[in-house]
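Notes for the one structure printed next.
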Number of protein chains: 2
Amino acid sequence: MINTQVKLAKRPVGLPDASIWSIEKNDIPDLKEGEILIQIEYISLDPAMRGWLNDARSYIPPVQIGEVMRAGAVGKVIRSNQGRFEIGSYVYGTGGVQQYIATDGKGWFNVDPALAPLPMYLGTLGMPGFTAYFGLLNVGKPKEGDTVLVSGAAGAVGSIVGQIAKLKGCKVIGIAGGSEKCKYIVEELGFDAAIDYKNEDVKLGIKTHCPKGIDVYFDNVGGEILDLALGRLAMKARIVICGAISQYNNTTAVKGPSNYLSLLVNRATMQGFVVFDYTKDYGIAAQEMASWIQQGKLISKEHIELGIENFHETFLKLFSGKKKGKLVLKVSE
Amino acid sequence: MINTQVKLAKRPVGLPDASIWSIEKNDIPDLKEGEILIQIEYISLDPAMRGWLNDARSYIPPVQIGEVMRAGAVGKVIRSNQGRFEIGSYVYGTGGVQQYIATDGKGWFNVDPALAPLPMYLGTLGMPGFTAYFGLLNVGKPKEGDTVLVSGAAGAVGSIVGQIAKLKGCKVIGIAGGSEKCKYIVEELGFDAAIDYKNEDVKLGIKTHCPKGIDVYFDNVGGEILDLALGRLAMKARIVICGAISQYNNTTAVKGPSNYLSLLVNRATMQGFVVFDYTKDYGIAAQEMASWIQQGKLISKEHIELGIENFHETFLKLFSGKKKGKLVLKVSE
């Protein structure tokens, strides 16, 4: 068996090109005492990956040059030198962009392919879902009747944020790129309205759909859209800083939000969070979201690409917006 | 008796020049039924005034062209057509930049010149003091042992913020302009350290004096210094957005904080507030601060200029930094 691995060859400047990766075909690793061998089936592609490529202090160390690219993964335990994980069971963990990994199992958890399809454990029942759940409920703190605005609304996180906000009795407006995505979040996911940032005047759209101002803005994109949301806050609004995908490939300084003094005028709060802080409550979130999915109240969508050799092209879809829902790559059978 | 009044003649662009004001000498107003006549003795000069000159939606309507410039004031009741205020008593309210005002007394409160000098009711025992008190304690929420950074640290608000933070057991670092102010906040007000933004590398200063990061940053200035503070946050830091004096005279867009994604990495909060929301608790704050002043634990400093005809030159000192403590103008005897 051959283990195809994607490693970081050099650090990118701006939008990464394929030359930053090296694709290696290596033998599968030998198992040490206490280790298991996992055959990775799906890896997760997330905007946060772009941050991990920069040599900068952050909430997690950068991926080092020569290391396998970090990625969430689900796979099957195919060999075992320990008692915790059974051969044939499925597991989730930080597997990396590769086909096999040997590990002592720390940071890996069993998942049940009978309860939900495997890719869903990388999306709604995984990190993006938990990010949406805790970011919205614990940081955004929506109340019934609140107006909730979400950017990146057709994405893995934004689509879940909007649906949970609807379940909590809020009016929900999503910002997404293109008429297809906008139609999708309104007609399929039940958002109250959508603003197409590629074809509409976003400022006017926010004004039209948020006549009483924004109570919660869940920001996945940063940049100009964050500024426009700041310009339309309701009193005591909460802005949840989840990400800033519009800024991740910048070669110049991040665009700071010029309208931040709206926080003062409106007694508003802008707060950042990192999903890892909620690890101990992942179980609760997974259970609640799984039950919403079963009841048809929460729609989980995965966009699946095939083949580890297509990692770079798939990765670029995070930034081009050419996908809907959670972006996942199938790396082996 | 002549009532000299300073009215807004036109809206400024950038740093105001004297031509935006018209100085008028009018008769003192006639008293209607239920009104009192107040001879204003001191008016308050505050950075917020600059915002009131702009024709923009904010927490308070702008001053209209042709109106007397808005200002906090203390004065003496010299005539009365009502029972609430006694002739000869002293009162605080929004008197405006003028020497006399007739009012029904709504929004005016008695102050006691035997308990504290009148100008102190415009500073530590008035709006700037309340701003410091509620902004630090209710929004910044400092805990014992926290590192608290304050900009505009020699000013009316910043000097009180730093001293209250010291009373709460925090390590306090102030940012101020010039060695005299820096010496003043450390030697007279008891700050642990000062950073002279006019003569020092502020980034290095913050790094040196906040080795464990900033737990609370109380921001009076915005701009570059806000960005440098964001770059050095401790986990779960709180940034209190009180003002942004570095940006008030901008003719271009406000500089947004490029480092705002540090809120995400550090799970931090940036929150705005307006002191008027705490009106019902002003009494508690005044009492506690007055007792600190009596016990010598809180030093209140007022910078007093003389003569209503010097209003414009005095106003400019807000932005040039050529003052220490609360800026007050004596407008009549």
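Please note that chains go A, B, ... in the order of the structure tokens, that every chain numbers its residues from 1, and that ligands are numbered from 1 in the order shown.
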
| 8 Å contacts from chain A to chain B using only C-alpha atoms, as an MDAnalysis selection string | chainID A and resid 58:59 241:244 253:274

Limited to N, CA and C atoms, could you put the picked residues into a file as a PDB file, in the first residue's frame?
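Output below, filename part.pdb:
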```pdb
ATOM      1  N   SER A  58      -0.709  32.479  16.188  1.00  0.00           N
ATOM      2  CA  SER A  58      -2.164  32.430  16.097  1.00  0.00           C
ATOM      3  C   SER A  58      -2.672  31.477  17.172  1.00  0.00           C
ATOM      4  N   TYR A  59      -3.917  31.035  17.021  1.00  0.00           N
ATOM      5  CA  TYR A  59      -4.505  30.163  18.035  1.00  0.00           C
ATOM      6  C   TYR A  59      -3.953  28.747  17.945  1.00  0.00           C
ATOM      7  N   ILE A 241     -17.050  37.444  15.475  1.00  0.00           N
ATOM      8  CA  ILE A 241     -15.947  37.359  14.520  1.00  0.00           C
ATOM      9  C   ILE A 241     -15.527  35.901  14.428  1.00  0.00           C
ATOM     10  N   CYS A 242     -15.946  35.269  13.342  1.00  0.00           N
ATOM     11  CA  CYS A 242     -15.656  33.851  13.139  1.00  0.00           C
ATOM     12  C   CYS A 242     -14.509  33.679  12.150  1.00  0.00           C
ATOM     13  N   GLY A 243     -14.450  34.561  11.171  1.00  0.00           N
ATOM     14  CA  GLY A 243     -13.419  34.457  10.156  1.00  0.00           C
ATOM     15  C   GLY A 243     -13.422  35.693   9.290  1.00  0.00           C
ATOM     16  N   ALA A 244     -12.535  35.702   8.296  1.00  0.00           N
ATOM     17  CA  ALA A 244     -12.417  36.880   7.435  1.00  0.00           C
ATOM     18  C   ALA A 244     -11.855  36.443   6.096  1.00  0.00           C
ATOM     19  N   ALA A 253      -1.866  44.781   4.320  1.00  0.00           N
ATOM     20  CA  ALA A 253      -2.472  44.654   5.646  1.00  0.00           C
ATOM     21  C   ALA A 253      -3.956  44.319   5.531  1.00  0.00           C
ATOM     22  N   VAL A 254      -4.447  43.607   6.530  1.00  0.00           N
ATOM     23  CA  VAL A 254      -5.883  43.341   6.632  1.00  0.00           C
ATOM     24  C   VAL A 254      -6.624  44.673   6.654  1.00  0.00           C
ATOM     25  N   LYS A 255      -7.776  44.721   5.994  1.00  0.00           N
ATOM     26  CA  LYS A 255      -8.599  45.927   6.046  1.00  0.00           C
ATOM     27  C   LYS A 255      -9.334  45.952   7.380  1.00  0.00           C
ATOM     28  N   GLY A 256      -8.998  46.899   8.213  1.00  0.00           N
ATOM     29  CA  GLY A 256      -9.705  47.027   9.479  1.00  0.00           C
ATOM     30  C   GLY A 256     -11.065  47.663   9.255  1.00  0.00           C
ATOM     31  N   PRO A 257     -12.029  47.389  10.107  1.00  0.00           N
ATOM     32  CA  PRO A 257     -13.372  47.942   9.923  1.00  0.00           C
ATOM     33  C   PRO A 257     -13.456  49.424  10.293  1.00  0.00           C
ATOM     34  N   SER A 258     -13.511  50.281   9.265  1.00  0.00           N
ATOM     35  CA  SER A 258     -13.533  51.740   9.481  1.00  0.00           C
ATOM     36  C   SER A 258     -14.718  52.177  10.323  1.00  0.00           C
ATOM     37  N   ASN A 259     -15.810  51.422  10.226  1.00  0.00           N
ATOM     38  CA  ASN A 259     -17.029  51.820  10.947  1.00  0.00           C
ATOM     39  C   ASN A 259     -17.073  51.298  12.376  1.00  0.00           C
ATOM     40  N   TYR A 260     -15.914  50.947  12.942  1.00  0.00           N
ATOM     41  CA  TYR A 260     -15.959  50.300  14.263  1.00  0.00           C
ATOM     42  C   TYR A 260     -16.519  51.220  15.345  1.00  0.00           C
ATOM     43  N   LEU A 261     -16.503  52.543  15.127  1.00  0.00           N
ATOM     44  CA  LEU A 261     -17.061  53.436  16.158  1.00  0.00           C
ATOM     45  C   LEU A 261     -18.576  53.305  16.275  1.00  0.00           C
ATOM     46  N   SER A 262     -19.169  52.597  15.334  1.00  0.00           N
ATOM     47  CA  SER A 262     -20.579  52.239  15.473  1.00  0.00           C
ATOM     48  C   SER A 262     -20.794  51.365  16.713  1.00  0.00           C
ATOM     49  N   LEU A 263     -19.754  50.666  17.142  1.00  0.00           N
ATOM     50  CA  LEU A 263     -19.843  49.889  18.392  1.00  0.00           C
ATOM     51  C   LEU A 263     -20.157  50.808  19.558  1.00  0.00           C
ATOM     52  N   LEU A 264     -19.551  51.996  19.531  1.00  0.00           N
ATOM     53  CA  LEU A 264     -19.761  52.974  20.603  1.00  0.00           C
ATOM     54  C   LEU A 264     -21.183  53.532  20.526  1.00  0.00           C
ATOM     55  N   VAL A 265     -21.525  54.066  19.362  1.00  0.00           N
ATOM     56  CA  VAL A 265     -22.830  54.705  19.188  1.00  0.00           C
ATOM     57  C   VAL A 265     -23.954  53.738  19.566  1.00  0.00           C
ATOM     58  N   ASN A 266     -23.802  52.471  19.184  1.00  0.00           N
ATOM     59  CA  ASN A 266     -24.864  51.487  19.394  1.00  0.00           C
ATOM     60  C   ASN A 266     -24.626  50.571  20.596  1.00  0.00           C
ATOM     61  N   ARG A 267     -23.646  50.914  21.426  1.00  0.00           N
ATOM     62  CA  ARG A 267     -23.374  50.094  22.636  1.00  0.00           C
ATOM     63  C   ARG A 267     -23.257  48.638  22.237  1.00  0.00           C
ATOM     64  N   ALA A 268     -22.502  48.390  21.193  1.00  0.00           N
ATOM     65  CA  ALA A 268     -22.455  47.056  20.615  1.00  0.00           C
ATOM     66  C   ALA A 268     -21.143  46.362  20.959  1.00  0.00           C
ATOM     67  N   THR A 269     -21.125  45.064  20.699  1.00  0.00           N
ATOM     68  CA  THR A 269     -19.982  44.229  21.056  1.00  0.00           C
ATOM     69  C   THR A 269     -19.492  43.476  19.835  1.00  0.00           C
ATOM     70  N   MET A 270     -18.170  43.406  19.683  1.00  0.00           N
ATOM     71  CA  MET A 270     -17.567  42.603  18.627  1.00  0.00           C
ATOM     72  C   MET A 270     -16.669  41.604  19.331  1.00  0.00           C
ATOM     73  N   GLN A 271     -16.939  40.327  19.129  1.00  0.00           N
ATOM     74  CA  GLN A 271     -16.222  39.333  19.922  1.00  0.00           C
ATOM     75  C   GLN A 271     -15.720  38.202  19.051  1.00  0.00           C
ATOM     76  N   GLY A 272     -14.503  37.794  19.311  1.00  0.00           N
ATOM     77  CA  GLY A 272     -13.927  36.671  18.594  1.00  0.00           C
ATOM     78  C   GLY A 272     -14.032  35.400  19.408  1.00  0.00           C
ATOM     79  N   PHE A 273     -13.937  34.274  18.734  1.00  0.00           N
ATOM     80  CA  PHE A 273     -13.971  33.002  19.452  1.00  0.00           C
ATOM     81  C   PHE A 273     -13.265  31.946  18.628  1.00  0.00           C
ATOM     82  N   VAL A 274     -12.890  30.883  19.270  1.00  0.00           N
ATOM     83  CA  VAL A 274     -12.259  29.748  18.604  1.00  0.00           C
ATOM     84  C   VAL A 274     -12.989  28.510  19.097  1.00  0.00           C
TER      85      VAL A 274
END
```

Give the superposed chain A as a short mmCIF file (atom, residue, chain, number, x, y, z; two decimals) with C-alpha atoms, in the first residue's frame, the fit being least squares on chain B over all ordered C-alpha pairs.
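Output file selection.cif is given in full below:
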```
data_model
loop_
_atom_site.label_atom_id
_atom_site.label_comp_id
_atom_site.auth_asym_id
_atom_site.auth_seq_id
_atom_site.Cartn_x
_atom_site.Cartn_y
_atom_site.Cartn_z
CA MET A 1 -26.61 92.10 31.69
CA ILE A 2 -25.29 90.78 28.42
CA ASN A 3 -25.34 87.11 27.48
CA THR A 4 -22.33 86.24 25.34
CA GLN A 5 -23.06 83.12 23.31
CA VAL A 6 -20.97 80.97 20.99
CA LYS A 7 -23.06 79.54 18.18
CA LEU A 8 -22.23 77.13 15.38
CA ALA A 9 -21.97 79.20 12.19
CA LYS A 10 -20.99 76.41 9.80
CA ARG A 11 -19.83 72.81 9.87
CA PRO A 12 -16.08 72.17 10.04
CA VAL A 13 -14.01 70.04 7.68
CA GLY A 14 -11.08 68.47 9.50
CA LEU A 15 -9.63 70.40 12.41
CA PRO A 16 -12.07 73.26 13.09
CA ASP A 17 -10.92 76.85 12.61
CA ALA A 18 -12.43 79.85 14.38
CA SER A 19 -14.67 80.69 11.44
CA ILE A 20 -17.11 77.91 12.31
CA TRP A 21 -18.26 79.88 15.37
CA SER A 22 -20.15 83.12 15.66
CA ILE A 23 -19.87 85.00 18.92
CA GLU A 24 -22.98 86.97 19.76
CA LYS A 25 -23.80 89.36 22.54
CA ASN A 26 -27.48 89.16 23.32
CA ASP A 27 -29.80 90.22 26.09
CA ILE A 28 -30.33 87.69 28.79
CA PRO A 29 -33.46 85.66 28.11
CA ASP A 30 -36.81 86.50 29.68
CA LEU A 31 -38.09 83.97 32.16
CA LYS A 32 -41.30 82.15 31.35
CA GLU A 33 -43.59 80.59 33.92
CA GLY A 34 -41.85 77.66 35.62
CA GLU A 35 -38.36 78.64 34.44
CA ILE A 36 -35.14 79.47 36.20
CA LEU A 37 -32.28 81.68 35.04
CA ILE A 38 -28.81 80.23 35.46
CA GLN A 39 -25.61 82.21 35.33
CA ILE A 40 -23.09 79.77 33.91
CA GLU A 41 -19.70 79.84 35.61
CA TYR A 42 -17.77 76.98 33.99
CA ILE A 43 -18.28 75.00 30.82
CA SER A 44 -16.83 71.61 30.03
CA LEU A 45 -14.68 70.94 26.96
CA ASP A 46 -14.83 67.35 25.77
CA PRO A 47 -13.56 65.45 22.73
CA ALA A 48 -17.14 64.31 22.08
CA MET A 49 -17.92 67.91 21.08
CA ARG A 50 -16.12 67.36 17.80
CA GLY A 51 -18.59 64.60 16.91
CA TRP A 52 -21.57 66.84 17.67
CA LEU A 53 -20.39 69.22 14.93
CA ASN A 54 -20.83 66.62 12.20
CA ASP A 55 -24.14 66.24 10.43
CA ALA A 56 -24.27 62.49 11.10
CA ARG A 57 -26.43 59.98 12.93
CA SER A 58 -24.93 59.28 16.33
CA TYR A 59 -25.93 58.68 19.94
CA ILE A 60 -27.11 62.29 20.17
CA PRO A 61 -28.32 64.69 17.42
CA PRO A 62 -25.72 67.05 15.96
CA VAL A 63 -25.63 70.69 16.99
CA GLN A 64 -27.56 72.58 14.32
CA ILE A 65 -26.16 75.58 12.52
CA GLY A 66 -27.30 78.73 14.34
CA GLU A 67 -27.63 76.90 17.67
CA VAL A 68 -25.61 77.66 20.78
CA MET A 69 -22.76 75.13 20.96
CA ARG A 70 -23.67 72.28 23.29
CA ALA A 71 -21.56 71.93 26.46
CA GLY A 72 -21.90 70.66 29.98
CA ALA A 73 -21.97 73.53 32.46
CA VAL A 74 -22.15 74.45 36.12
CA GLY A 75 -23.69 77.69 37.27
CA LYS A 76 -25.76 79.50 39.83
CA VAL A 77 -29.51 79.95 39.86
CA ILE A 78 -30.02 83.72 39.91
CA ARG A 79 -33.74 84.01 39.20
CA SER A 80 -36.57 81.59 39.58
CA ASN A 81 -40.22 81.22 38.58
CA GLN A 82 -40.54 77.78 40.16
CA GLY A 83 -40.01 75.91 43.42
CA ARG A 84 -37.52 73.16 42.59
CA PHE A 85 -34.28 75.16 42.51
CA GLU A 86 -33.45 77.83 45.09
CA ILE A 87 -31.95 81.14 44.09
CA GLY A 88 -28.26 81.03 44.94
CA SER A 89 -27.99 77.26 44.57
CA TYR A 90 -25.53 75.73 42.12
CA VAL A 91 -26.57 73.41 39.31
CA TYR A 92 -25.10 71.14 36.64
CA GLY A 93 -26.62 70.55 33.20
CA THR A 94 -26.20 70.97 29.46
CA GLY A 95 -25.86 74.71 29.55
CA GLY A 96 -24.04 75.38 26.30
CA VAL A 97 -21.25 77.79 25.50
CA GLN A 98 -22.92 80.92 26.85
CA GLN A 99 -23.13 82.94 30.03
CA TYR A 100 -26.81 82.66 30.88
CA ILE A 101 -29.53 80.15 30.20
CA ALA A 102 -33.24 80.08 30.96
CA THR A 103 -34.61 76.58 31.46
CA ASP A 104 -37.46 74.66 33.06
CA GLY A 105 -34.77 72.77 34.97
CA LYS A 106 -35.25 69.41 33.22
CA GLY A 107 -31.87 67.67 33.06
CA TRP A 108 -30.35 70.00 35.68
CA PHE A 109 -29.16 68.83 39.09
CA ASN A 110 -27.96 70.60 42.21
CA VAL A 111 -24.29 70.38 43.06
CA ASP A 112 -22.66 71.38 46.32
CA PRO A 113 -19.68 73.79 46.05
CA ALA A 114 -18.82 73.05 49.69
CA LEU A 115 -18.16 69.36 48.93
CA ALA A 116 -16.00 69.87 45.82
CA PRO A 117 -14.85 72.81 43.70
CA LEU A 118 -17.32 73.57 40.90
CA PRO A 119 -15.01 72.55 37.99
CA MET A 120 -14.75 69.07 39.51
CA TYR A 121 -18.45 68.57 38.76
CA LEU A 122 -17.53 68.87 35.09
CA GLY A 123 -14.68 66.37 35.49
CA THR A 124 -14.23 63.59 37.99
CA LEU A 125 -17.64 64.11 39.61
CA GLY A 126 -19.31 64.65 36.24
CA MET A 127 -19.50 63.15 32.79
CA PRO A 128 -15.78 62.28 32.30
CA GLY A 129 -15.60 60.68 35.74
CA PHE A 130 -18.77 58.67 35.15
CA THR A 131 -17.44 57.67 31.73
CA ALA A 132 -14.26 56.36 33.35
CA TYR A 133 -16.12 54.66 36.19
CA PHE A 134 -18.78 52.82 34.20
CA GLY A 135 -16.61 52.20 31.14
CA LEU A 136 -13.89 50.58 33.19
CA LEU A 137 -15.96 48.74 35.77
CA ASN A 138 -19.05 47.71 33.76
CA VAL A 139 -17.52 47.22 30.32
CA GLY A 140 -13.83 46.50 30.98
CA LYS A 141 -14.57 44.42 34.08
CA PRO A 142 -11.01 44.42 35.50
CA LYS A 143 -10.04 41.70 37.94
CA GLU A 144 -7.31 41.97 40.58
CA GLY A 145 -3.94 41.32 38.96
CA ASP A 146 -5.11 42.22 35.46
CA THR A 147 -2.92 44.34 33.21
CA VAL A 148 -4.87 47.45 32.22
CA LEU A 149 -3.69 49.72 29.40
CA VAL A 150 -5.20 53.20 29.01
CA SER A 151 -4.68 55.67 26.20
CA GLY A 152 -5.24 59.40 26.65
CA ALA A 153 -3.99 58.58 30.12
CA ALA A 154 -3.38 62.14 31.30
CA GLY A 155 -6.82 63.27 30.15
CA ALA A 156 -10.04 63.76 32.07
CA VAL A 157 -11.27 60.21 31.45
CA GLY A 158 -7.99 58.28 31.14
CA SER A 159 -6.49 59.66 34.36
CA ILE A 160 -9.52 58.45 36.32
CA VAL A 161 -9.64 55.09 34.54
CA GLY A 162 -6.04 54.38 35.51
CA GLN A 163 -6.50 55.39 39.13
CA ILE A 164 -9.67 53.32 39.55
CA ALA A 165 -7.90 50.33 37.99
CA LYS A 166 -5.09 50.75 40.53
CA LEU A 167 -7.69 50.87 43.34
CA LYS A 168 -9.00 47.56 42.00
CA GLY A 169 -5.57 45.92 42.24
CA CYS A 170 -4.55 46.03 38.60
CA LYS A 171 -1.22 46.74 36.97
CA VAL A 172 -1.82 49.97 35.05
CA ILE A 173 0.06 51.34 32.06
CA GLY A 174 -0.85 54.68 30.56
CA ILE A 175 -0.14 56.08 27.11
CA ALA A 176 0.24 59.85 26.97
CA GLY A 177 1.97 62.49 24.84
CA GLY A 178 5.17 64.00 26.19
CA SER A 179 7.49 63.34 29.09
CA GLU A 180 5.75 65.79 31.42
CA LYS A 181 2.42 63.98 31.17
CA CYS A 182 4.12 60.61 31.48
CA LYS A 183 5.91 61.71 34.62
CA TYR A 184 2.64 63.10 35.97
CA ILE A 185 0.62 59.90 35.60
CA VAL A 186 3.34 57.76 37.18
CA GLU A 187 4.58 60.06 39.94
CA GLU A 188 1.39 61.89 40.86
CA LEU A 189 -1.39 59.49 39.86
CA GLY A 190 0.39 56.22 40.71
CA PHE A 191 0.30 54.47 37.35
CA ASP A 192 2.83 51.60 37.19
CA ALA A 193 4.32 52.80 33.93
CA ALA A 194 3.82 55.29 31.13
CA ILE A 195 4.48 55.17 27.40
CA ASP A 196 5.20 58.48 25.70
CA TYR A 197 3.64 58.08 22.24
CA LYS A 198 5.31 61.24 21.00
CA ASN A 199 8.85 60.12 21.80
CA GLU A 200 8.80 56.35 22.27
CA ASP A 201 8.20 53.21 20.23
CA VAL A 202 4.70 52.43 21.51
CA LYS A 203 4.79 48.84 20.26
CA LEU A 204 7.97 48.17 22.18
CA GLY A 205 6.63 50.01 25.22
CA ILE A 206 3.51 47.85 25.30
CA LYS A 207 5.60 44.72 24.91
CA THR A 208 7.92 45.78 27.73
CA HIS A 209 5.25 46.81 30.21
CA CYS A 210 2.63 44.18 29.36
CA PRO A 211 4.74 40.99 29.23
CA LYS A 212 1.68 38.81 29.92
CA GLY A 213 -0.48 40.70 27.45
CA ILE A 214 -3.24 43.25 27.98
CA ASP A 215 -6.35 42.14 29.86
CA VAL A 216 -8.22 45.43 29.56
CA TYR A 217 -7.50 48.15 27.02
CA PHE A 218 -9.45 51.36 27.58
CA ASP A 219 -9.31 53.22 24.28
CA ASN A 220 -9.76 56.96 24.08
CA VAL A 221 -7.75 57.50 20.91
CA GLY A 222 -8.30 54.86 18.20
CA GLY A 223 -5.97 54.78 15.19
CA GLU A 224 -2.52 53.23 15.33
CA ILE A 225 -2.50 52.80 19.11
CA LEU A 226 -5.69 50.72 19.05
CA ASP A 227 -3.99 48.47 16.49
CA LEU A 228 -0.89 48.09 18.63
CA ALA A 229 -2.99 47.18 21.67
CA LEU A 230 -4.88 44.60 19.58
CA GLY A 231 -1.53 43.10 18.70
CA ARG A 232 -0.75 42.38 22.34
CA LEU A 233 -3.99 41.07 23.86
CA ALA A 234 -4.12 38.46 26.58
CA MET A 235 -6.67 35.67 26.30
CA LYS A 236 -10.26 36.87 26.84
CA ALA A 237 -9.14 40.49 26.82
CA ARG A 238 -11.71 43.28 26.90
CA ILE A 239 -11.31 46.40 24.78
CA VAL A 240 -13.47 49.32 25.88
CA ILE A 241 -14.23 51.70 23.02
CA CYS A 242 -14.71 55.04 24.72
CA GLY A 243 -13.52 57.38 22.01
CA ALA A 244 -11.14 57.86 19.11
CA ILE A 245 -9.74 61.35 19.37
CA SER A 246 -7.00 60.58 16.81
CA GLN A 247 -9.74 60.17 14.20
CA TYR A 248 -12.19 62.95 15.01
CA ASN A 249 -10.68 65.55 12.70
CA ASN A 250 -10.09 63.13 9.84
CA THR A 251 -11.16 64.31 6.45
CA THR A 252 -10.78 60.77 5.10
CA ALA A 253 -12.38 57.59 6.42
CA VAL A 254 -11.71 56.54 10.00
CA LYS A 255 -8.78 54.13 10.23
CA GLY A 256 -10.29 50.79 11.12
CA PRO A 257 -8.23 48.49 13.35
CA SER A 258 -6.36 46.16 10.96
CA ASN A 259 -5.48 43.84 13.82
CA TYR A 260 -9.10 43.16 14.75
CA LEU A 261 -8.69 39.44 14.00
CA SER A 262 -6.69 39.33 17.20
CA LEU A 263 -10.15 39.33 18.81
CA LEU A 264 -10.65 35.89 17.29
CA VAL A 265 -7.24 34.45 18.14
CA ASN A 266 -7.49 35.70 21.73
CA ARG A 267 -11.25 35.15 22.25
CA ALA A 268 -11.42 38.83 23.04
CA THR A 269 -14.20 41.39 23.11
CA MET A 270 -14.37 44.95 21.81
CA GLN A 271 -17.32 46.84 23.19
CA GLY A 272 -18.63 50.35 22.89
CA PHE A 273 -20.63 52.25 25.45
CA VAL A 274 -22.20 55.63 26.06
CA VAL A 275 -22.22 57.05 29.57
CA PHE A 276 -25.83 58.28 29.29
CA ASP A 277 -26.99 54.67 29.65
CA TYR A 278 -25.86 54.72 33.27
CA THR A 279 -27.73 57.87 34.36
CA LYS A 280 -29.66 56.10 37.09
CA ASP A 281 -26.38 55.03 38.73
CA TYR A 282 -24.56 58.40 38.53
CA GLY A 283 -25.33 58.97 42.22
CA ILE A 284 -23.56 55.79 43.29
CA ALA A 285 -20.52 56.60 41.17
CA ALA A 286 -20.33 60.20 42.41
CA GLN A 287 -20.56 59.07 46.02
CA GLU A 288 -17.84 56.43 45.65
CA MET A 289 -15.49 58.72 43.74
CA ALA A 290 -16.07 61.62 46.14
CA SER A 291 -15.11 59.36 49.02
CA TRP A 292 -11.96 58.22 47.20
CA ILE A 293 -11.06 61.88 46.61
CA GLN A 294 -11.61 62.72 50.28
CA GLN A 295 -9.41 59.79 51.31
CA GLY A 296 -6.69 60.95 48.94
CA LYS A 297 -6.98 57.78 46.86
CA LEU A 298 -8.16 59.54 43.73
CA ILE A 299 -6.59 62.71 42.37
CA SER A 300 -8.77 64.98 40.30
CA LYS A 301 -7.05 67.55 38.16
CA GLU A 302 -8.69 70.35 36.23
CA HIS A 303 -7.07 72.55 33.63
CA ILE A 304 -8.95 75.86 33.79
CA GLU A 305 -8.88 78.51 31.08
CA LEU A 306 -10.53 81.89 31.40
CA GLY A 307 -13.03 83.84 29.30
CA ILE A 308 -15.77 82.79 26.90
CA GLU A 309 -14.00 84.73 24.12
CA ASN A 310 -11.21 82.14 24.40
CA PHE A 311 -13.54 79.23 23.69
CA HIS A 312 -12.06 78.30 20.32
CA GLU A 313 -8.42 78.34 21.47
CA THR A 314 -9.40 76.30 24.51
CA PHE A 315 -11.35 73.84 22.36
CA LEU A 316 -8.25 73.24 20.20
CA LYS A 317 -6.29 72.15 23.29
CA LEU A 318 -8.42 68.98 23.27
CA PHE A 319 -6.67 67.93 20.07
CA SER A 320 -3.23 69.48 20.53
CA GLY A 321 -2.90 67.72 23.88
CA LYS A 322 -1.71 70.96 25.51
CA LYS A 323 -3.48 70.34 28.81
CA LYS A 324 -3.49 67.91 31.69
CA GLY A 325 -6.65 66.58 33.28
CA LYS A 326 -10.11 67.95 32.72
CA LEU A 327 -10.33 70.95 30.38
CA VAL A 328 -12.71 73.62 31.69
CA LEU A 329 -13.45 77.19 30.64
CA LYS A 330 -14.58 79.82 33.11
CA VAL A 331 -17.17 81.91 31.26
CA SER A 332 -18.34 84.31 33.97
CA GLU A 333 -17.79 85.29 37.58
#
```

| query | Mind checking DSSP for stretch 169-310 of chain B and telling me the strand (DSSP E) residues as a VMD selection string? | reply | chain B and resid 171 to 176 193 to 196 214 to 219 233 to 241 269 to 272 302 to 306
